[in-house]
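Report on the structure given below.
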Amino acid sequence: QVQLVESGGGLVQAGGSLRLSCAASGMILSINTITWYRQALGKQRELVARMTSGGSTDYADSVKGRFTISRDNAKKTAYLQMNSLKPEDTAVYYCSADRILFTDRTGGTKAAVDYWGQGTQVTVSS
């Protein structure tokens with residue numbers, strides 16, 4: 001009944017830019033904190049950027065000054081603008097919402113906790 005779908009990944013040369021989107025679908029009432037993670041092949045998943053519903057943000061040190069997280073609550077979409085990309089940014093990028101309030105088929109209010117999208121591949125060539 002609720003989905004998070006990432007898009008915008010692809011292949012880009014070092015120094016280039018990409019903008020990832022994370023769109024929530026369903027009868028969404030509110031989305032709490034949205035976090036972008038990434039996982040490179042053979043490595044652990046790491047937090048990239050996070051934005052609360054109030055607009056507070058956190059970034060991994062490795063992306064500060066290059067990546068910007070934003071959200072459009074009306075569109076139920078979050079974004080990750082990635083500039084000055086480096087080969088080490090290559091990874092599958094996932095968005096996650098710690099809590100999504102939505103209306104289910106019966107008209108009741110439900111909460112989806114720790115909800116994840118399917119990921120989008122970002123590849124940065126040197």
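Naming scheme: A, B, ... for chains in displayed order of the structure tokens; residues 1 onward per chain; ligands 1 onward as shown.
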Can you check which parts of segment 30-111 of chain A lie within 10 Å of segment 12-18 of chain A? Per residue, the shortest pair of atoms and distance in Å to one decimal, counting only C-alpha atoms, sorted by chain and number, as a Markdown table.
```
| residue | atom | partner | partner_atom | distance |
| --- | --- | --- | --- | --- |
| A:Arg66 | CA | A:Ser17 | CA | 9.4 |
| A:Phe67 | CA | A:Ser17 | CA | 9.4 |
| A:Leu80 | CA | A:Leu18 | CA | 8.2 |
| A:Gln81 | CA | A:Leu18 | CA | 6.2 |
| A:Met82 | CA | A:Leu18 | CA | 5.3 |
| A:Asn83 | CA | A:Ser17 | CA | 4.4 |
| A:Ser84 | CA | A:Gly15 | CA | 4.2 |
| A:Leu85 | CA | A:Gly15 | CA | 4.9 |
| A:Lys86 | CA | A:Ala14 | CA | 5.0 |
| A:Pro87 | CA | A:Ala14 | CA | 6.2 |
| A:Glu88 | CA | A:Ala14 | CA | 9.5 |
| A:Asp89 | CA | A:Ala14 | CA | 9.4 |
| A:Thr90 | CA | A:Val12 | CA | 9.7 |
```
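Between Ser126 of chain A and the residues A:Val2, A:Met51, A:Leu11, A:Ala74, the shortest atom-to-atom distance, using only C-alpha atoms, involves A:Leu11.
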Which residues of segment 61-122 of chain A come within 8 Å of segment 21-40 of chain A, and for each one, what is the closest pair of atoms and their distance in Å to one decimal, counting only C-alpha atoms, sorted by chain and residue number, as JSON lines?
```
{"residue": "A:Lys75", "atom": "CA", "partner": "A:Ala23", "partner_atom": "CA", "distance": 7.8}
{"residue": "A:Lys76", "atom": "CA", "partner": "A:Ala24", "partner_atom": "CA", "distance": 5.5}
{"residue": "A:Thr77", "atom": "CA", "partner": "A:Ala23", "partner_atom": "CA", "distance": 4.4}
{"residue": "A:Ala78", "atom": "CA", "partner": "A:Cys22", "partner_atom": "CA", "distance": 5.0}
{"residue": "A:Tyr79", "atom": "CA", "partner": "A:Ser21", "partner_atom": "CA", "distance": 4.5}
{"residue": "A:Leu80", "atom": "CA", "partner": "A:Ser21", "partner_atom": "CA", "distance": 6.5}
{"residue": "A:Thr90", "atom": "CA", "partner": "A:Ala40", "partner_atom": "CA", "distance": 6.4}
{"residue": "A:Ala91", "atom": "CA", "partner": "A:Ala40", "partner_atom": "CA", "distance": 4.1}
{"residue": "A:Val92", "atom": "CA", "partner": "A:Gln39", "partner_atom": "CA", "distance": 5.3}
{"residue": "A:Tyr93", "atom": "CA", "partner": "A:Arg38", "partner_atom": "CA", "distance": 4.3}
{"residue": "A:Tyr94", "atom": "CA", "partner": "A:Tyr37", "partner_atom": "CA", "distance": 5.1}
{"residue": "A:Cys95", "atom": "CA", "partner": "A:Trp36", "partner_atom": "CA", "distance": 4.5}
{"residue": "A:Ser96", "atom": "CA", "partner": "A:Thr35", "partner_atom": "CA", "distance": 5.2}
{"residue": "A:Ala97", "atom": "CA", "partner": "A:Ile34", "partner_atom": "CA", "distance": 4.6}
{"residue": "A:Asp98", "atom": "CA", "partner": "A:Thr33", "partner_atom": "CA", "distance": 5.7}
{"residue": "A:Arg99", "atom": "CA", "partner": "A:Asn32", "partner_atom": "CA", "distance": 5.4}
{"residue": "A:Ile100", "atom": "CA", "partner": "A:Ile31", "partner_atom": "CA", "distance": 4.6}
{"residue": "A:Leu101", "atom": "CA", "partner": "A:Ser30", "partner_atom": "CA", "distance": 5.2}
{"residue": "A:Phe102", "atom": "CA", "partner": "A:Ile28", "partner_atom": "CA", "distance": 4.3}
{"residue": "A:Thr103", "atom": "CA", "partner": "A:Met27", "partner_atom": "CA", "distance": 5.3}
{"residue": "A:Asp104", "atom": "CA", "partner": "A:Met27", "partner_atom": "CA", "distance": 7.2}
{"residue": "A:Gly117", "atom": "CA", "partner": "A:Cys22", "partner_atom": "CA", "distance": 7.8}
```
If you run DSSP on this backbone, which residues of segment 18-72 of chain A come out as strand (DSSP E), and could you give them as number ranges by chain?
A: 18-25, 28-31, 34-39, 46-51, 57-59, 67-72
Residues of the last selection are to be written out with C-alpha atoms, as a PDB file, in the first residue's frame.
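And here is the file that came out, result30.pdb:
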```pdb
ATOM      1  CA  LEU A  18      23.236  13.402 -10.810  1.00  0.00           C
ATOM      2  CA  ARG A  19      20.004  14.026  -8.985  1.00  0.00           C
ATOM      3  CA  LEU A  20      18.339  11.087  -7.328  1.00  0.00           C
ATOM      4  CA  SER A  21      14.653  11.086  -6.480  1.00  0.00           C
ATOM      5  CA  CYS A  22      12.771   9.078  -3.885  1.00  0.00           C
ATOM      6  CA  ALA A  23       9.036   9.134  -4.518  1.00  0.00           C
ATOM      7  CA  ALA A  24       6.521   7.805  -2.040  1.00  0.00           C
ATOM      8  CA  SER A  25       3.248   6.440  -3.339  1.00  0.00           C
ATOM      9  CA  ILE A  28       0.463   9.061   2.447  1.00  0.00           C
ATOM     10  CA  LEU A  29      -0.369  11.292   5.384  1.00  0.00           C
ATOM     11  CA  SER A  30       3.134  12.155   6.508  1.00  0.00           C
ATOM     12  CA  ILE A  31       6.729  11.033   6.209  1.00  0.00           C
ATOM     13  CA  ILE A  34      14.160  10.449   5.094  1.00  0.00           C
ATOM     14  CA  THR A  35      17.647   9.042   4.800  1.00  0.00           C
ATOM     15  CA  TRP A  36      19.772   8.238   1.785  1.00  0.00           C
ATOM     16  CA  TYR A  37      22.146   5.319   2.183  1.00  0.00           C
ATOM     17  CA  ARG A  38      24.559   3.726  -0.218  1.00  0.00           C
ATOM     18  CA  GLN A  39      26.266   0.403  -0.475  1.00  0.00           C
ATOM     19  CA  GLU A  46      26.675   3.751   4.886  1.00  0.00           C
ATOM     20  CA  LEU A  47      24.534   6.757   5.624  1.00  0.00           C
ATOM     21  CA  VAL A  48      24.907   9.474   3.017  1.00  0.00           C
ATOM     22  CA  ALA A  49      22.425  12.177   4.035  1.00  0.00           C
ATOM     23  CA  ARG A  50      19.397  12.548   6.239  1.00  0.00           C
ATOM     24  CA  MET A  51      16.611  15.087   6.497  1.00  0.00           C
ATOM     25  CA  THR A  57      19.990  17.707   7.747  1.00  0.00           C
ATOM     26  CA  ASP A  58      23.013  15.508   8.358  1.00  0.00           C
ATOM     27  CA  TYR A  59      25.656  14.433   5.882  1.00  0.00           C
ATOM     28  CA  PHE A  67      25.699  16.437  -1.995  1.00  0.00           C
ATOM     29  CA  THR A  68      22.477  18.158  -0.988  1.00  0.00           C
ATOM     30  CA  ILE A  69      19.376  16.471   0.355  1.00  0.00           C
ATOM     31  CA  SER A  70      15.986  18.100  -0.048  1.00  0.00           C
ATOM     32  CA  ARG A  71      12.357  17.136   0.044  1.00  0.00           C
ATOM     33  CA  ASP A  72       9.074  18.323  -1.401  1.00  0.00           C
TER      34      ASP A  72
END
```
In Å, how far is it from atom CA of Ala112 of chain A to atom CA of Gln1 of chain A?
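So the two atoms, atom CA of Ala112 of chain A and atom CA of Gln1 of chain A, lie 9.7 Å apart.
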One decimal, in Å: what's the spacing between atom CA of Ser56 of chain A and atom CA of Gly108 of chain A?
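Between atom CA of Ser56 of chain A and atom CA of Gly108 of chain A the gap works out to 29.6 Å.
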To one decimal place in Å, what is the distance between atom CA of Trp116 of chain A and atom CA of Gly54 of chain A?
20.3 Å
